[in-house]
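Here is the structure we will look at, set down as C-alpha cells.
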Amino acid sequence: MRISVQRDDFDAGAEIRKLAGDGSVGAIASFVGLVRDVPMTLEHYAGMTEREITKIAHEAAQRWSVIDVTVIHRFGELSPPTRSSWWRSQPLIAARHSPPASSSWTTSRRARLLEERAPRRRGRVGRSQGFRRRGAERWTGTGKDPGATKGR
Amino acid sequence: VKVKLLFFASLREQLGTPGEEVDLPSGVTTVAALREHLIQRGGAYGKAFGGKALVRAAVNQDMVQPSAPIKAGDEVAFFPPVTGG
C-alpha cells in the first residue's frame with residue numbers, strides 16, 4: 001500500500017505499470033481526478049490527510065478483495081488539465097475469468113470515499129480578493145458529520 | 001490548560017495566523033467551550049467563530065463533535081465547512 005500526498009505531478013501510466021507487477025494480477029482499477037475549467041488551490045492538514053486516506057485504504061482492503069492499493073493526492077496550486085488525485089487498486093477477484101459486475105461500482109465508490117473523507121480546500125487562484133470572497137473558495141472533502149463517517 | 005490551535009483556509013485568512021499556543025481557563029474543557037472562549041475575544045475571532053457558518057474541528061488530527069473533550073497538550077484544528085468538488 002502506498003499513500004502519497006504530494007505537490008508534484010505524477011505519471012499515471014508508470015504507476016499502473018508498477019502495480020501490474022509480476023503477472024499474478026488480473027486487473028487494475030484506477031481513478032484520476034482532474035482540475036477542470038479554472039485553476040484551484042488545494043491545501044491540506046499535513047499528517048491528518050495522510051492518516052484519513054490511509055484509513056480509507058485500509059477500510060477498502062477489508063471490504064473488498066484487493067491485492068494492493070496506491071493513492072496519490074496532490075496539493076498546492078493546480079491548473080487544468082492537471083491530475084489532482086489518483087486512486088487505484090488491484091482487485092483480487094479479477095483473477096477469475098469473468099470480472100464482477102460490480103467492479104465499476106466499487107471503483108467509483110472507493111473514489112467517492114476518498115473524495116468525501118480527505119479534507120481539502122478547493123478554490124480559484126485569486127485574481128482579485130473580491131472574486132475570492134464571493135464564494136469562489138470552497139472546501140471539498142468531508143461534507144458529512146464526522147460521527148457519521150466513523151463507523152462506515 | 002495549554003493547547004495548540006490551528007486555523008485553516010478562510011479561518012486562517014480571517015484571523016491572520018495559521019495557529020497559536022493558548023493557555024485556557026480551567027472551565028474550557030470541550031471543543032464547544034473553546035469555540036465560545038474564542039468568540040469572547042471579539043474582533044476577527046468573534047466574526048470567524050461566532051457566525052452562523054459551521055466550523056468543523058479536529059482534536060489531535062481526528063475529526064470530532066463539539067462535545068469532544070480537550071486536555072493539556074492537545075492540537076485543536078478548526079476548518080471552514082466543506083463542499084463537494
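All residue names refer to the C-alpha cells as shown: chains lettered A, B, ... in order, residues numbered from 1 in each chain, ligands numbered from 1 in order.
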Using only C-alpha atoms, I'd like every residue of chain B that has an atom within 12 Å of chain A; please write them out as a PyMOL selection string.
chain B and resi 6-14+18+54-68+75-85
Let's have the selection written as a short mmCIF file (atom, residue, chain, number, x, y, z; two decimals), in the first residue's frame, with C-alpha atoms.
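out.cif was written with the following content:
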```cif
data_model
loop_
_atom_site.label_atom_id
_atom_site.label_comp_id
_atom_site.auth_asym_id
_atom_site.auth_seq_id
_atom_site.Cartn_x
_atom_site.Cartn_y
_atom_site.Cartn_z
CA LEU B 6 -4.54 25.51 14.10
CA PHE B 7 -6.65 27.50 11.64
CA PHE B 8 -7.19 26.52 8.03
CA ALA B 9 -8.29 28.21 4.81
CA SER B 10 -10.66 31.17 5.24
CA LEU B 11 -10.35 30.96 9.03
CA ARG B 12 -6.59 31.40 8.76
CA GLU B 13 -7.08 34.30 6.37
CA GLN B 14 -9.65 35.97 8.61
CA PRO B 18 -2.08 29.74 10.92
CA LEU B 54 -20.39 25.81 10.56
CA VAL B 55 -16.87 25.40 11.84
CA ARG B 56 -15.53 21.90 11.99
CA ALA B 57 -12.86 20.77 14.40
CA ALA B 58 -10.27 18.07 14.77
CA VAL B 59 -8.51 17.13 18.00
CA ASN B 60 -5.12 15.54 17.51
CA GLN B 61 -5.96 15.04 13.83
CA ASP B 62 -9.27 13.25 14.34
CA MET B 63 -12.49 14.99 13.34
CA VAL B 64 -14.65 15.49 16.44
CA GLN B 65 -18.03 16.72 17.61
CA PRO B 66 -18.32 19.98 19.58
CA SER B 67 -18.80 17.97 22.78
CA ALA B 68 -15.36 16.36 22.43
CA GLU B 75 -3.71 20.04 18.98
CA VAL B 76 -7.07 21.50 18.02
CA ALA B 77 -7.64 22.38 14.36
CA PHE B 78 -10.53 24.43 13.00
CA PHE B 79 -11.79 24.24 9.41
CA PRO B 80 -14.46 26.08 7.49
CA PRO B 81 -17.32 23.96 6.14
CA VAL B 82 -16.57 21.67 3.24
CA THR B 83 -18.40 21.11 -0.01
CA GLY B 84 -18.11 18.67 -2.89
CA GLY B 85 -15.65 19.26 -5.67
#
```
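Taking atom CA of B:Gly19 and atom CA of B:Lys4 as the two end points, the separation is 7.3 Å.
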Report as a ChimeraX atom specification all protein, DNA and RNA residues lying within 7 Å of A:Pro80, evaluated on only C-alpha atoms, omitting residues in the same chain fewer than 3 positions from it.
/A:35-39
Å distance separating atom CA of B:Lys47 from atom CA of B:Leu15, one decimal place
9.3 Å
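Here the residues within stretch 49-85 of chain B that DSSP labels strand (DSSP E or B) on the basis of the backbone are Arg56, Ala57, Ala58, Val59, Asp62, Met63, Val64, Pro69, Glu75, Val76, Ala77, Phe78, Phe79 and Thr83 of chain B.
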Kindly export the residues of the current selection with C-alpha atoms, as a PDB file, in the first residue's frame.
```pdb
ATOM      1  CA  ARG B  56     -15.526  21.904  11.994  1.00  0.00           C
ATOM      2  CA  ALA B  57     -12.859  20.775  14.400  1.00  0.00           C
ATOM      3  CA  ALA B  58     -10.266  18.069  14.770  1.00  0.00           C
ATOM      4  CA  VAL B  59      -8.513  17.134  18.003  1.00  0.00           C
ATOM      5  CA  ASP B  62      -9.273  13.252  14.341  1.00  0.00           C
ATOM      6  CA  MET B  63     -12.491  14.989  13.340  1.00  0.00           C
ATOM      7  CA  VAL B  64     -14.650  15.489  16.442  1.00  0.00           C
ATOM      8  CA  PRO B  69     -13.085  16.943  25.430  1.00  0.00           C
ATOM      9  CA  GLU B  75      -3.706  20.037  18.981  1.00  0.00           C
ATOM     10  CA  VAL B  76      -7.072  21.501  18.020  1.00  0.00           C
ATOM     11  CA  ALA B  77      -7.637  22.379  14.365  1.00  0.00           C
ATOM     12  CA  PHE B  78     -10.532  24.428  13.000  1.00  0.00           C
ATOM     13  CA  PHE B  79     -11.786  24.245   9.414  1.00  0.00           C
ATOM     14  CA  THR B  83     -18.400  21.105  -0.015  1.00  0.00           C
TER      15      THR B  83
END
```
Atom CA of B:Ala44 to atom CA of B:Lys71, distance in Å rounded to a single decimal
25.0 Å
